[in-house]
$ cat target20.txt   # compact mmCIF, N, CA and C atoms
# COMPACT_ATOMS: atom_id res chain seq x y z
N MET A 1 13.67 100.97 36.11
CA MET A 1 14.58 101.89 36.75
C MET A 1 15.64 102.28 35.72
N LYS A 2 15.69 103.56 35.41
CA LYS A 2 16.67 104.05 34.45
C LYS A 2 18.04 104.06 35.11
N ILE A 3 19.01 103.37 34.48
CA ILE A 3 20.36 103.34 35.07
C ILE A 3 21.39 104.09 34.23
N LEU A 4 21.10 104.26 32.96
CA LEU A 4 21.91 105.08 32.05
C LEU A 4 20.95 105.80 31.12
N GLU A 5 21.45 106.72 30.34
CA GLU A 5 20.60 107.49 29.45
C GLU A 5 19.71 106.61 28.57
N ASP A 6 20.25 105.51 28.07
CA ASP A 6 19.49 104.65 27.17
C ASP A 6 19.38 103.21 27.66
N LEU A 7 19.47 103.02 28.99
CA LEU A 7 19.41 101.68 29.55
C LEU A 7 18.57 101.67 30.83
N HIS A 8 17.62 100.75 30.85
CA HIS A 8 16.75 100.57 32.02
C HIS A 8 16.94 99.16 32.58
N LEU A 9 16.87 99.04 33.89
CA LEU A 9 16.82 97.74 34.56
C LEU A 9 15.35 97.51 34.89
N VAL A 10 14.72 96.53 34.25
CA VAL A 10 13.29 96.31 34.43
C VAL A 10 12.98 95.02 35.18
N GLY A 11 14.01 94.26 35.52
CA GLY A 11 13.84 93.06 36.32
C GLY A 11 15.13 92.67 36.98
N ARG A 12 15.02 92.26 38.22
CA ARG A 12 16.18 91.73 38.95
C ARG A 12 15.64 91.18 40.26
N GLY A 13 15.79 89.89 40.43
CA GLY A 13 15.22 89.23 41.58
C GLY A 13 15.75 89.69 42.92
N ASN A 14 17.06 89.78 43.05
CA ASN A 14 17.61 90.07 44.37
C ASN A 14 17.54 91.55 44.74
N PHE A 15 16.96 92.40 43.91
CA PHE A 15 16.70 93.80 44.25
C PHE A 15 15.23 94.01 44.57
N GLY A 16 14.42 92.96 44.39
CA GLY A 16 12.99 93.08 44.61
C GLY A 16 12.27 93.77 43.48
N ILE A 17 12.93 93.96 42.36
CA ILE A 17 12.31 94.62 41.21
C ILE A 17 11.32 93.67 40.52
N SER A 18 11.64 92.39 40.54
CA SER A 18 10.76 91.38 39.96
C SER A 18 10.89 90.12 40.83
N HIS A 19 10.43 88.99 40.32
CA HIS A 19 10.44 87.76 41.12
C HIS A 19 11.86 87.41 41.57
N PRO A 20 12.03 86.89 42.78
CA PRO A 20 13.37 86.58 43.30
C PRO A 20 14.22 85.66 42.43
N THR A 21 13.60 84.87 41.56
CA THR A 21 14.38 83.96 40.71
C THR A 21 14.79 84.57 39.38
N ASP A 22 14.41 85.81 39.12
CA ASP A 22 14.74 86.44 37.84
C ASP A 22 16.20 86.87 37.77
N CYS A 23 16.76 86.75 36.58
CA CYS A 23 18.07 87.31 36.27
C CYS A 23 17.91 88.83 36.11
N ASN A 24 18.99 89.52 35.83
CA ASN A 24 18.90 90.93 35.46
C ASN A 24 18.23 91.02 34.08
N ILE A 25 17.26 91.90 33.97
CA ILE A 25 16.53 92.08 32.72
C ILE A 25 16.65 93.55 32.35
N TYR A 26 17.19 93.79 31.17
CA TYR A 26 17.47 95.16 30.74
C TYR A 26 16.59 95.55 29.57
N LEU A 27 16.37 96.84 29.42
CA LEU A 27 15.67 97.40 28.28
C LEU A 27 16.56 98.49 27.70
N ILE A 28 16.90 98.34 26.42
CA ILE A 28 17.76 99.28 25.73
C ILE A 28 16.89 100.21 24.89
N ASP A 29 17.11 101.51 25.06
CA ASP A 29 16.43 102.52 24.25
C ASP A 29 17.32 102.81 23.05
N ALA A 30 16.83 102.44 21.87
CA ALA A 30 17.59 102.66 20.64
C ALA A 30 17.05 103.86 19.88
N GLY A 31 16.59 104.85 20.62
CA GLY A 31 16.06 106.06 19.99
C GLY A 31 14.57 105.96 19.73
N GLY A 32 13.83 105.48 20.70
CA GLY A 32 12.38 105.35 20.55
C GLY A 32 11.93 103.96 20.17
N THR A 33 12.85 103.13 19.76
CA THR A 33 12.64 101.71 19.53
C THR A 33 13.39 101.00 20.65
N PHE A 34 12.83 99.91 21.16
CA PHE A 34 13.41 99.29 22.35
C PHE A 34 13.72 97.82 22.14
N VAL A 35 14.70 97.35 22.93
CA VAL A 35 15.14 95.96 22.93
C VAL A 35 15.14 95.48 24.37
N LEU A 36 14.46 94.38 24.62
CA LEU A 36 14.46 93.74 25.93
C LEU A 36 15.55 92.67 25.94
N VAL A 37 16.37 92.65 26.96
CA VAL A 37 17.45 91.67 27.05
C VAL A 37 17.14 90.74 28.22
N ASP A 38 16.81 89.51 27.89
CA ASP A 38 16.41 88.44 28.78
C ASP A 38 14.98 88.62 29.27
N ALA A 39 14.40 87.51 29.75
CA ALA A 39 12.98 87.49 30.06
C ALA A 39 12.67 87.04 31.49
N GLY A 40 13.69 86.71 32.26
CA GLY A 40 13.44 86.26 33.63
C GLY A 40 12.88 84.84 33.66
N SER A 41 12.52 84.41 34.86
CA SER A 41 12.08 83.03 35.08
C SER A 41 10.68 82.74 34.60
N GLY A 42 9.87 83.77 34.41
CA GLY A 42 8.50 83.57 33.95
C GLY A 42 7.49 83.38 35.06
N ILE A 43 7.94 83.45 36.30
CA ILE A 43 7.03 83.22 37.42
C ILE A 43 6.10 84.42 37.62
N GLU A 44 6.61 85.62 37.44
CA GLU A 44 5.79 86.83 37.54
C GLU A 44 6.14 87.82 36.42
N SER A 45 5.93 87.39 35.20
CA SER A 45 6.26 88.24 34.04
C SER A 45 5.50 89.55 34.05
N ASN A 46 4.32 89.56 34.65
CA ASN A 46 3.54 90.80 34.70
C ASN A 46 4.28 91.91 35.44
N ARG A 47 5.12 91.56 36.42
CA ARG A 47 5.88 92.59 37.14
C ARG A 47 6.89 93.27 36.23
N ILE A 48 7.47 92.52 35.31
CA ILE A 48 8.42 93.10 34.36
C ILE A 48 7.68 94.09 33.46
N LEU A 49 6.52 93.70 32.98
CA LEU A 49 5.72 94.61 32.14
C LEU A 49 5.33 95.86 32.93
N GLU A 50 4.96 95.70 34.18
CA GLU A 50 4.62 96.86 35.02
C GLU A 50 5.81 97.80 35.18
N ASN A 51 7.01 97.24 35.34
CA ASN A 51 8.22 98.06 35.47
C ASN A 51 8.50 98.84 34.19
N ILE A 52 8.28 98.20 33.07
CA ILE A 52 8.49 98.87 31.78
C ILE A 52 7.53 100.04 31.66
N LYS A 53 6.26 99.80 31.96
CA LYS A 53 5.25 100.86 31.88
C LYS A 53 5.52 101.97 32.89
N ARG A 54 5.97 101.60 34.08
CA ARG A 54 6.28 102.60 35.12
C ARG A 54 7.40 103.53 34.67
N ASP A 55 8.32 103.01 33.86
CA ASP A 55 9.41 103.84 33.33
C ASP A 55 8.97 104.68 32.12
N GLY A 56 7.70 104.57 31.77
CA GLY A 56 7.17 105.37 30.67
C GLY A 56 7.49 104.84 29.29
N ILE A 57 7.84 103.57 29.21
CA ILE A 57 8.19 102.96 27.92
C ILE A 57 6.91 102.40 27.28
N PRO A 58 6.60 102.80 26.07
CA PRO A 58 5.44 102.22 25.38
C PRO A 58 5.77 100.79 24.94
N THR A 59 5.03 99.83 25.45
CA THR A 59 5.37 98.42 25.18
C THR A 59 5.25 98.06 23.70
N ASP A 60 4.46 98.81 22.95
CA ASP A 60 4.35 98.51 21.53
C ASP A 60 5.57 98.97 20.73
N ARG A 61 6.53 99.61 21.39
CA ARG A 61 7.77 100.05 20.74
C ARG A 61 8.92 99.07 20.99
N ILE A 62 8.65 97.97 21.72
CA ILE A 62 9.68 96.96 21.98
C ILE A 62 9.66 95.99 20.80
N GLU A 63 10.73 96.02 20.01
CA GLU A 63 10.78 95.22 18.77
C GLU A 63 11.44 93.87 18.93
N TYR A 64 12.39 93.77 19.86
CA TYR A 64 13.16 92.53 20.00
C TYR A 64 13.26 92.12 21.46
N LEU A 65 13.28 90.81 21.66
CA LEU A 65 13.62 90.21 22.95
C LEU A 65 14.83 89.34 22.69
N ILE A 66 15.96 89.75 23.24
CA ILE A 66 17.21 89.03 23.03
C ILE A 66 17.51 88.18 24.26
N LEU A 67 17.73 86.89 24.04
CA LEU A 67 18.06 85.97 25.11
C LEU A 67 19.56 85.75 25.13
N THR A 68 20.20 86.02 26.26
CA THR A 68 21.65 85.88 26.34
C THR A 68 22.08 84.43 26.34
N HIS A 69 21.28 83.56 26.94
CA HIS A 69 21.53 82.12 26.90
C HIS A 69 20.27 81.39 27.38
N ALA A 70 20.26 80.08 27.27
CA ALA A 70 19.03 79.31 27.44
C ALA A 70 18.87 78.69 28.83
N HIS A 71 19.22 79.40 29.87
CA HIS A 71 18.94 78.93 31.23
C HIS A 71 17.59 79.46 31.69
N TRP A 72 16.90 78.69 32.51
CA TRP A 72 15.51 78.97 32.88
C TRP A 72 15.30 80.36 33.46
N ASP A 73 16.26 80.89 34.20
CA ASP A 73 16.07 82.20 34.83
C ASP A 73 16.22 83.35 33.84
N HIS A 74 16.64 83.03 32.61
CA HIS A 74 16.76 84.03 31.54
C HIS A 74 15.67 83.87 30.49
N VAL A 75 15.11 82.67 30.34
CA VAL A 75 14.17 82.42 29.24
C VAL A 75 12.78 81.98 29.68
N GLY A 76 12.58 81.69 30.94
CA GLY A 76 11.28 81.17 31.40
C GLY A 76 10.12 82.08 31.06
N GLY A 77 10.33 83.37 31.06
CA GLY A 77 9.26 84.32 30.75
C GLY A 77 9.20 84.73 29.29
N CYS A 78 9.99 84.09 28.45
CA CYS A 78 10.11 84.51 27.05
C CYS A 78 8.78 84.49 26.32
N ARG A 79 8.09 83.37 26.36
CA ARG A 79 6.85 83.27 25.59
C ARG A 79 5.80 84.24 26.11
N ALA A 80 5.67 84.36 27.42
CA ALA A 80 4.68 85.28 27.98
C ALA A 80 4.97 86.71 27.56
N LEU A 81 6.22 87.12 27.66
CA LEU A 81 6.57 88.49 27.29
C LEU A 81 6.49 88.72 25.79
N ALA A 82 7.04 87.81 25.01
CA ALA A 82 7.03 87.98 23.55
C ALA A 82 5.60 88.01 23.01
N ASP A 83 4.72 87.19 23.58
CA ASP A 83 3.32 87.19 23.14
C ASP A 83 2.65 88.52 23.48
N ARG A 84 2.91 89.04 24.67
CA ARG A 84 2.29 90.31 25.09
C ARG A 84 2.89 91.50 24.35
N LEU A 85 4.17 91.43 24.04
CA LEU A 85 4.86 92.56 23.39
C LEU A 85 4.83 92.47 21.86
N ASN A 86 4.51 91.30 21.35
CA ASN A 86 4.51 91.07 19.90
C ASN A 86 5.87 91.45 19.29
N CYS A 87 6.93 90.95 19.91
CA CYS A 87 8.29 91.27 19.46
C CYS A 87 8.97 90.01 18.93
N LYS A 88 10.10 90.21 18.26
CA LYS A 88 10.88 89.10 17.72
C LYS A 88 11.82 88.56 18.78
N ILE A 89 11.95 87.23 18.82
CA ILE A 89 12.83 86.56 19.78
C ILE A 89 14.14 86.24 19.09
N CYS A 90 15.25 86.65 19.73
CA CYS A 90 16.59 86.44 19.18
C CYS A 90 17.46 85.74 20.21
N ALA A 91 18.31 84.85 19.74
CA ALA A 91 19.32 84.20 20.58
C ALA A 91 20.35 83.55 19.66
N HIS A 92 21.46 83.14 20.24
CA HIS A 92 22.47 82.44 19.45
C HIS A 92 21.88 81.14 18.92
N ARG A 93 22.27 80.76 17.74
CA ARG A 93 21.70 79.57 17.10
C ARG A 93 21.92 78.29 17.92
N LEU A 94 23.01 78.24 18.72
CA LEU A 94 23.26 77.05 19.52
C LEU A 94 22.26 76.91 20.68
N SER A 95 21.53 77.96 20.98
CA SER A 95 20.49 77.89 22.01
C SER A 95 19.19 77.31 21.47
N ALA A 96 19.03 77.30 20.16
CA ALA A 96 17.76 76.90 19.55
C ALA A 96 17.27 75.51 19.98
N PRO A 97 18.12 74.47 20.01
CA PRO A 97 17.61 73.16 20.42
C PRO A 97 17.08 73.15 21.86
N THR A 98 17.78 73.78 22.77
CA THR A 98 17.33 73.83 24.16
C THR A 98 16.04 74.63 24.27
N LEU A 99 15.99 75.76 23.59
CA LEU A 99 14.80 76.61 23.64
C LEU A 99 13.58 75.91 23.05
N SER A 100 13.77 75.14 21.99
CA SER A 100 12.63 74.49 21.34
C SER A 100 12.04 73.38 22.20
N GLN A 101 12.82 72.83 23.13
CA GLN A 101 12.32 71.76 24.00
C GLN A 101 11.40 72.29 25.09
N GLY A 102 11.67 73.48 25.62
CA GLY A 102 10.84 74.06 26.67
C GLY A 102 10.91 73.26 27.96
N ASN A 103 9.85 73.32 28.73
CA ASN A 103 9.71 72.57 29.99
C ASN A 103 10.86 72.76 30.97
N TRP A 104 11.10 73.99 31.39
CA TRP A 104 12.11 74.25 32.39
C TRP A 104 11.53 74.09 33.77
N ARG A 105 12.34 73.60 34.68
CA ARG A 105 11.97 73.57 36.09
C ARG A 105 13.01 74.35 36.86
N THR A 106 12.53 75.14 37.79
CA THR A 106 13.43 75.92 38.62
C THR A 106 14.00 75.01 39.70
N PRO A 107 15.00 75.48 40.44
CA PRO A 107 15.49 74.69 41.56
C PRO A 107 14.41 74.44 42.62
N PHE A 108 13.33 75.18 42.56
CA PHE A 108 12.23 75.03 43.52
C PHE A 108 11.13 74.15 42.97
N ASN A 109 11.40 73.48 41.85
CA ASN A 109 10.49 72.55 41.20
C ASN A 109 9.22 73.23 40.68
N TYR A 110 9.33 74.49 40.35
CA TYR A 110 8.22 75.23 39.74
C TYR A 110 8.38 75.11 38.25
N GLN A 111 7.38 74.56 37.57
CA GLN A 111 7.48 74.44 36.12
C GLN A 111 7.17 75.78 35.49
N VAL A 112 8.12 76.31 34.76
CA VAL A 112 8.00 77.66 34.23
C VAL A 112 7.05 77.70 33.04
N LYS A 113 7.25 76.89 32.06
CA LYS A 113 6.42 76.99 30.86
C LYS A 113 6.50 75.68 30.09
N LYS A 114 5.36 75.19 29.66
CA LYS A 114 5.36 74.04 28.77
C LYS A 114 5.42 74.54 27.35
N GLY A 115 6.04 73.78 26.51
CA GLY A 115 6.15 74.17 25.11
C GLY A 115 7.45 74.91 24.86
N GLY A 116 7.86 74.87 23.65
CA GLY A 116 9.15 75.46 23.32
C GLY A 116 9.06 76.87 22.79
N ILE A 117 10.24 77.41 22.54
CA ILE A 117 10.40 78.75 22.02
C ILE A 117 11.05 78.64 20.65
N LYS A 118 10.43 79.22 19.66
CA LYS A 118 11.00 79.26 18.32
C LYS A 118 11.65 80.63 18.12
N LEU A 119 12.90 80.62 17.70
CA LEU A 119 13.61 81.86 17.45
C LEU A 119 13.14 82.50 16.15
N ASP A 120 12.94 83.80 16.19
CA ASP A 120 12.69 84.55 14.97
C ASP A 120 14.00 84.87 14.28
N ILE A 121 15.05 85.09 15.10
CA ILE A 121 16.38 85.38 14.58
C ILE A 121 17.39 84.53 15.34
N ALA A 122 18.06 83.63 14.63
CA ALA A 122 19.12 82.81 15.21
C ALA A 122 20.44 83.52 14.91
N LEU A 123 21.05 84.04 15.94
CA LEU A 123 22.24 84.87 15.79
C LEU A 123 23.51 84.04 15.69
N GLU A 124 24.48 84.59 15.02
CA GLU A 124 25.82 84.02 14.92
C GLU A 124 26.80 84.92 15.67
N ASN A 125 27.96 84.40 15.98
CA ASN A 125 29.01 85.19 16.61
C ASN A 125 29.38 86.36 15.70
N GLU A 126 29.57 87.52 16.29
CA GLU A 126 29.96 88.76 15.61
C GLU A 126 28.88 89.33 14.70
N GLU A 127 27.68 88.77 14.73
CA GLU A 127 26.59 89.31 13.93
C GLU A 127 26.13 90.63 14.52
N THR A 128 25.63 91.51 13.68
CA THR A 128 25.09 92.78 14.15
C THR A 128 23.62 92.88 13.79
N LEU A 129 22.91 93.66 14.58
CA LEU A 129 21.50 93.89 14.36
C LEU A 129 21.26 95.39 14.52
N SER A 130 20.72 96.00 13.48
CA SER A 130 20.41 97.43 13.55
C SER A 130 19.02 97.59 14.15
N VAL A 131 18.96 98.39 15.21
CA VAL A 131 17.70 98.66 15.90
C VAL A 131 17.64 100.16 16.15
N GLY A 132 16.69 100.82 15.55
CA GLY A 132 16.59 102.27 15.73
C GLY A 132 17.90 102.94 15.38
N LYS A 133 18.44 103.70 16.34
CA LYS A 133 19.69 104.42 16.13
C LYS A 133 20.93 103.64 16.58
N LYS A 134 20.75 102.38 16.94
CA LYS A 134 21.87 101.59 17.46
C LYS A 134 22.15 100.38 16.58
N ARG A 135 23.39 99.95 16.63
CA ARG A 135 23.81 98.68 16.03
C ARG A 135 24.30 97.81 17.18
N LEU A 136 23.63 96.70 17.39
CA LEU A 136 24.01 95.78 18.45
C LEU A 136 24.89 94.69 17.86
N ARG A 137 26.01 94.42 18.51
CA ARG A 137 26.92 93.37 18.06
C ARG A 137 26.88 92.24 19.07
N PHE A 138 26.76 91.03 18.58
CA PHE A 138 26.63 89.85 19.43
C PHE A 138 27.94 89.08 19.44
N ILE A 139 28.42 88.82 20.63
CA ILE A 139 29.69 88.11 20.80
C ILE A 139 29.41 86.84 21.58
N SER A 140 29.68 85.72 20.97
CA SER A 140 29.48 84.43 21.62
C SER A 140 30.56 84.21 22.68
N THR A 141 30.13 83.83 23.87
CA THR A 141 31.07 83.53 24.96
C THR A 141 30.68 82.19 25.58
N PRO A 142 30.90 81.09 24.86
CA PRO A 142 30.47 79.78 25.37
C PRO A 142 31.24 79.40 26.64
N GLY A 143 30.63 78.56 27.40
CA GLY A 143 31.24 78.09 28.64
C GLY A 143 30.17 77.89 29.69
N HIS A 144 29.47 78.97 30.05
CA HIS A 144 28.36 78.90 31.00
C HIS A 144 27.20 78.11 30.39
N SER A 145 27.02 78.26 29.08
CA SER A 145 26.06 77.50 28.29
C SER A 145 26.53 77.58 26.84
N PRO A 146 26.03 76.70 25.98
CA PRO A 146 26.46 76.76 24.57
C PRO A 146 26.14 78.10 23.94
$ encode --input "target20.txt" --output "structure tokens"
Amino acid sequence: MKILEDLHLVGRGNFGISHPTDCNIYLIDAGGTFVLVDAGSGIESNRILENIKRDGIPTDRIEYLILTHAHWDHVGGCRALADRLNCKICAHRLSAPTLSQGNWRTPFNYQVKKGGIKLDIALENEETLSVGKKRLRFISTPGHSP
């Protein structure tokens, strides 16, 4: 669902867009190159891919999957989506130990994914990433998670 000129909402559990346990999942259009922000719980990752395709986004143009933090409802679908999209996984470096352990369980005792996630890019506070026509700046806001 296109919500701004260069921003799509491709997952959100409580809107019925994807599985009820998914966080908000966004897709940024950087001028024909795309960035996925968060991966949802991983329970129905195929619905996220269907939403992307329904919005007319070519999945082979998604270069990065950025994880905002390492909670299960944001990263559970990371491996499934990154493998299907063949994109680079990015997150703050402090998330790396949690991500590498894997094995998240939801509050409903559903095991999301066995095995860990290896970051392609471990981000630092105030780091920037050039993607297409955009420069994304990452700001660390610890508290909810490292």
$ select_by_dssp --input "target20.txt" --residues "chain A" --states "strand (DSSP E or B)" --output "PDB file with N, CA and C atoms, keeping the file's coordinate frame"
ATOM      1  N   LYS A   2      15.690 103.560  35.410  1.00  0.00           N
ATOM      2  CA  LYS A   2      16.670 104.050  34.450  1.00  0.00           C
ATOM      3  C   LYS A   2      18.040 104.060  35.110  1.00  0.00           C
ATOM      4  N   ILE A   3      19.010 103.370  34.480  1.00  0.00           N
ATOM      5  CA  ILE A   3      20.360 103.340  35.070  1.00  0.00           C
ATOM      6  C   ILE A   3      21.390 104.090  34.230  1.00  0.00           C
ATOM      7  N   LEU A   4      21.100 104.260  32.960  1.00  0.00           N
ATOM      8  CA  LEU A   4      21.910 105.080  32.050  1.00  0.00           C
ATOM      9  C   LEU A   4      20.950 105.800  31.120  1.00  0.00           C
ATOM     10  N   LEU A   7      19.470 103.020  28.990  1.00  0.00           N
ATOM     11  CA  LEU A   7      19.410 101.680  29.550  1.00  0.00           C
ATOM     12  C   LEU A   7      18.570 101.670  30.830  1.00  0.00           C
ATOM     13  N   HIS A   8      17.620 100.750  30.850  1.00  0.00           N
ATOM     14  CA  HIS A   8      16.750 100.570  32.020  1.00  0.00           C
ATOM     15  C   HIS A   8      16.940  99.160  32.580  1.00  0.00           C
ATOM     16  N   LEU A   9      16.870  99.040  33.890  1.00  0.00           N
ATOM     17  CA  LEU A   9      16.820  97.740  34.560  1.00  0.00           C
ATOM     18  C   LEU A   9      15.350  97.510  34.890  1.00  0.00           C
ATOM     19  N   VAL A  10      14.720  96.530  34.250  1.00  0.00           N
ATOM     20  CA  VAL A  10      13.290  96.310  34.430  1.00  0.00           C
ATOM     21  C   VAL A  10      12.980  95.020  35.180  1.00  0.00           C
ATOM     22  N   GLY A  11      14.010  94.260  35.520  1.00  0.00           N
ATOM     23  CA  GLY A  11      13.840  93.060  36.320  1.00  0.00           C
ATOM     24  C   GLY A  11      15.130  92.670  36.980  1.00  0.00           C
ATOM     25  N   ILE A  25      17.260  91.900  33.970  1.00  0.00           N
ATOM     26  CA  ILE A  25      16.530  92.080  32.720  1.00  0.00           C
ATOM     27  C   ILE A  25      16.650  93.550  32.350  1.00  0.00           C
ATOM     28  N   TYR A  26      17.190  93.790  31.170  1.00  0.00           N
ATOM     29  CA  TYR A  26      17.470  95.160  30.740  1.00  0.00           C
ATOM     30  C   TYR A  26      16.590  95.550  29.570  1.00  0.00           C
ATOM     31  N   LEU A  27      16.370  96.840  29.420  1.00  0.00           N
ATOM     32  CA  LEU A  27      15.670  97.400  28.280  1.00  0.00           C
ATOM     33  C   LEU A  27      16.560  98.490  27.700  1.00  0.00           C
ATOM     34  N   ILE A  28      16.900  98.340  26.420  1.00  0.00           N
ATOM     35  CA  ILE A  28      17.760  99.280  25.730  1.00  0.00           C
ATOM     36  C   ILE A  28      16.890 100.210  24.890  1.00  0.00           C
ATOM     37  N   ASP A  29      17.110 101.510  25.060  1.00  0.00           N
ATOM     38  CA  ASP A  29      16.430 102.520  24.250  1.00  0.00           C
ATOM     39  C   ASP A  29      17.320 102.810  23.050  1.00  0.00           C
ATOM     40  N   PHE A  34      12.830  99.910  21.160  1.00  0.00           N
ATOM     41  CA  PHE A  34      13.410  99.290  22.350  1.00  0.00           C
ATOM     42  C   PHE A  34      13.720  97.820  22.140  1.00  0.00           C
ATOM     43  N   VAL A  35      14.700  97.350  22.930  1.00  0.00           N
ATOM     44  CA  VAL A  35      15.140  95.960  22.930  1.00  0.00           C
ATOM     45  C   VAL A  35      15.140  95.480  24.370  1.00  0.00           C
ATOM     46  N   LEU A  36      14.460  94.380  24.620  1.00  0.00           N
ATOM     47  CA  LEU A  36      14.460  93.740  25.930  1.00  0.00           C
ATOM     48  C   LEU A  36      15.550  92.670  25.940  1.00  0.00           C
ATOM     49  N   VAL A  37      16.370  92.650  26.960  1.00  0.00           N
ATOM     50  CA  VAL A  37      17.450  91.670  27.050  1.00  0.00           C
ATOM     51  C   VAL A  37      17.140  90.740  28.220  1.00  0.00           C
ATOM     52  N   ILE A  62       8.650  97.970  21.720  1.00  0.00           N
ATOM     53  CA  ILE A  62       9.680  96.960  21.980  1.00  0.00           C
ATOM     54  C   ILE A  62       9.660  95.990  20.800  1.00  0.00           C
ATOM     55  N   GLU A  63      10.730  96.020  20.010  1.00  0.00           N
ATOM     56  CA  GLU A  63      10.780  95.220  18.770  1.00  0.00           C
ATOM     57  C   GLU A  63      11.440  93.870  18.930  1.00  0.00           C
ATOM     58  N   TYR A  64      12.390  93.770  19.860  1.00  0.00           N
ATOM     59  CA  TYR A  64      13.160  92.530  20.000  1.00  0.00           C
ATOM     60  C   TYR A  64      13.260  92.120  21.460  1.00  0.00           C
ATOM     61  N   LEU A  65      13.280  90.810  21.660  1.00  0.00           N
ATOM     62  CA  LEU A  65      13.620  90.210  22.950  1.00  0.00           C
ATOM     63  C   LEU A  65      14.830  89.340  22.690  1.00  0.00           C
ATOM     64  N   ILE A  66      15.960  89.750  23.240  1.00  0.00           N
ATOM     65  CA  ILE A  66      17.210  89.030  23.030  1.00  0.00           C
ATOM     66  C   ILE A  66      17.510  88.180  24.260  1.00  0.00           C
ATOM     67  N   LYS A  88      10.100  90.210  18.260  1.00  0.00           N
ATOM     68  CA  LYS A  88      10.880  89.100  17.720  1.00  0.00           C
ATOM     69  C   LYS A  88      11.820  88.560  18.780  1.00  0.00           C
ATOM     70  N   ILE A  89      11.950  87.230  18.820  1.00  0.00           N
ATOM     71  CA  ILE A  89      12.830  86.560  19.780  1.00  0.00           C
ATOM     72  C   ILE A  89      14.140  86.240  19.090  1.00  0.00           C
ATOM     73  N   CYS A  90      15.250  86.650  19.730  1.00  0.00           N
ATOM     74  CA  CYS A  90      16.590  86.440  19.180  1.00  0.00           C
ATOM     75  C   CYS A  90      17.460  85.740  20.210  1.00  0.00           C
ATOM     76  N   ALA A  91      18.310  84.850  19.740  1.00  0.00           N
ATOM     77  CA  ALA A  91      19.320  84.200  20.580  1.00  0.00           C
ATOM     78  C   ALA A  91      20.350  83.550  19.660  1.00  0.00           C
ATOM     79  N   HIS A  92      21.460  83.140  20.240  1.00  0.00           N
ATOM     80  CA  HIS A  92      22.470  82.440  19.450  1.00  0.00           C
ATOM     81  C   HIS A  92      21.880  81.140  18.920  1.00  0.00           C
ATOM     82  N   ARG A 105      12.340  73.600  34.680  1.00  0.00           N
ATOM     83  CA  ARG A 105      11.970  73.570  36.090  1.00  0.00           C
ATOM     84  C   ARG A 105      13.010  74.350  36.860  1.00  0.00           C
ATOM     85  N   GLN A 111       7.380  74.560  37.570  1.00  0.00           N
ATOM     86  CA  GLN A 111       7.480  74.440  36.120  1.00  0.00           C
ATOM     87  C   GLN A 111       7.170  75.780  35.490  1.00  0.00           C
ATOM     88  N   ILE A 121      15.050  85.090  15.100  1.00  0.00           N
ATOM     89  CA  ILE A 121      16.380  85.380  14.580  1.00  0.00           C
ATOM     90  C   ILE A 121      17.390  84.530  15.340  1.00  0.00           C
ATOM     91  N   ALA A 122      18.060  83.630  14.630  1.00  0.00           N
ATOM     92  CA  ALA A 122      19.120  82.810  15.210  1.00  0.00           C
ATOM     93  C   ALA A 122      20.440  83.520  14.910  1.00  0.00           C
ATOM     94  N   LEU A 123      21.050  84.040  15.940  1.00  0.00           N
ATOM     95  CA  LEU A 123      22.240  84.870  15.790  1.00  0.00           C
ATOM     96  C   LEU A 123      23.510  84.040  15.690  1.00  0.00           C
ATOM     97  N   THR A 128      25.630  91.510  13.680  1.00  0.00           N
ATOM     98  CA  THR A 128      25.090  92.780  14.150  1.00  0.00           C
ATOM     99  C   THR A 128      23.620  92.880  13.790  1.00  0.00           C
ATOM    100  N   LEU A 129      22.910  93.660  14.580  1.00  0.00           N
ATOM    101  CA  LEU A 129      21.500  93.890  14.360  1.00  0.00           C
ATOM    102  C   LEU A 129      21.260  95.390  14.520  1.00  0.00           C
ATOM    103  N   SER A 130      20.720  96.000  13.480  1.00  0.00           N
ATOM    104  CA  SER A 130      20.410  97.430  13.550  1.00  0.00           C
ATOM    105  C   SER A 130      19.020  97.590  14.150  1.00  0.00           C
ATOM    106  N   VAL A 131      18.960  98.390  15.210  1.00  0.00           N
ATOM    107  CA  VAL A 131      17.700  98.660  15.900  1.00  0.00           C
ATOM    108  C   VAL A 131      17.640 100.160  16.150  1.00  0.00           C
ATOM    109  N   LYS A 134      20.750 102.380  16.940  1.00  0.00           N
ATOM    110  CA  LYS A 134      21.870 101.590  17.460  1.00  0.00           C
ATOM    111  C   LYS A 134      22.150 100.380  16.580  1.00  0.00           C
ATOM    112  N   ARG A 135      23.390  99.950  16.630  1.00  0.00           N
ATOM    113  CA  ARG A 135      23.810  98.680  16.030  1.00  0.00           C
ATOM    114  C   ARG A 135      24.300  97.810  17.180  1.00  0.00           C
ATOM    115  N   LEU A 136      23.630  96.700  17.390  1.00  0.00           N
ATOM    116  CA  LEU A 136      24.010  95.780  18.450  1.00  0.00           C
ATOM    117  C   LEU A 136      24.890  94.690  17.860  1.00  0.00           C
ATOM    118  N   ARG A 137      26.010  94.420  18.510  1.00  0.00           N
ATOM    119  CA  ARG A 137      26.920  93.370  18.060  1.00  0.00           C
ATOM    120  C   ARG A 137      26.880  92.240  19.070  1.00  0.00           C
TER     121      ARG A 137
END
$ select_by_dssp --input "target20.txt" --residues "chain A" --states "helix (DSSP H, G or I)" --output "ChimeraX atom specification"
/A:13-15,45-54,59-61,72-75,78-85,93-101
$ atom_distance --input "target20.txt" --atom1 "atom N of Gly40 (chain A)" --atom2 "atom C of Leu85 (chain A)"
14.8 Å
$ residues_near_point --input "target20.txt" --point "(12.6, 97.2, 20.0)" --cutoff "9 Å" --atoms "only C-alpha atoms" --output "NGL selection string"
:A and (27-30 or 32-36 or 59-65 or 87-88 or 131-132)
$ closest_residue --input "target20.txt" --among "A:Arg47, A:His74, A:Lys118, A:His69" --to "Ser18 (chain A)" --atoms "only N, CA and C atoms"
A:Arg47
$ closest_residue --input "target20.txt" --among "A:Ile66, A:Ile43, A:Leu123, A:Ile52" --to "Leu9 (chain A)" --atoms "all atoms listed in the file"
A:Ile52
$ atom_distance --input "target20.txt" --atom1 "atom C of Gly16 (chain A)" --atom2 "atom N of Asn86 (chain A)"
23.6 Å
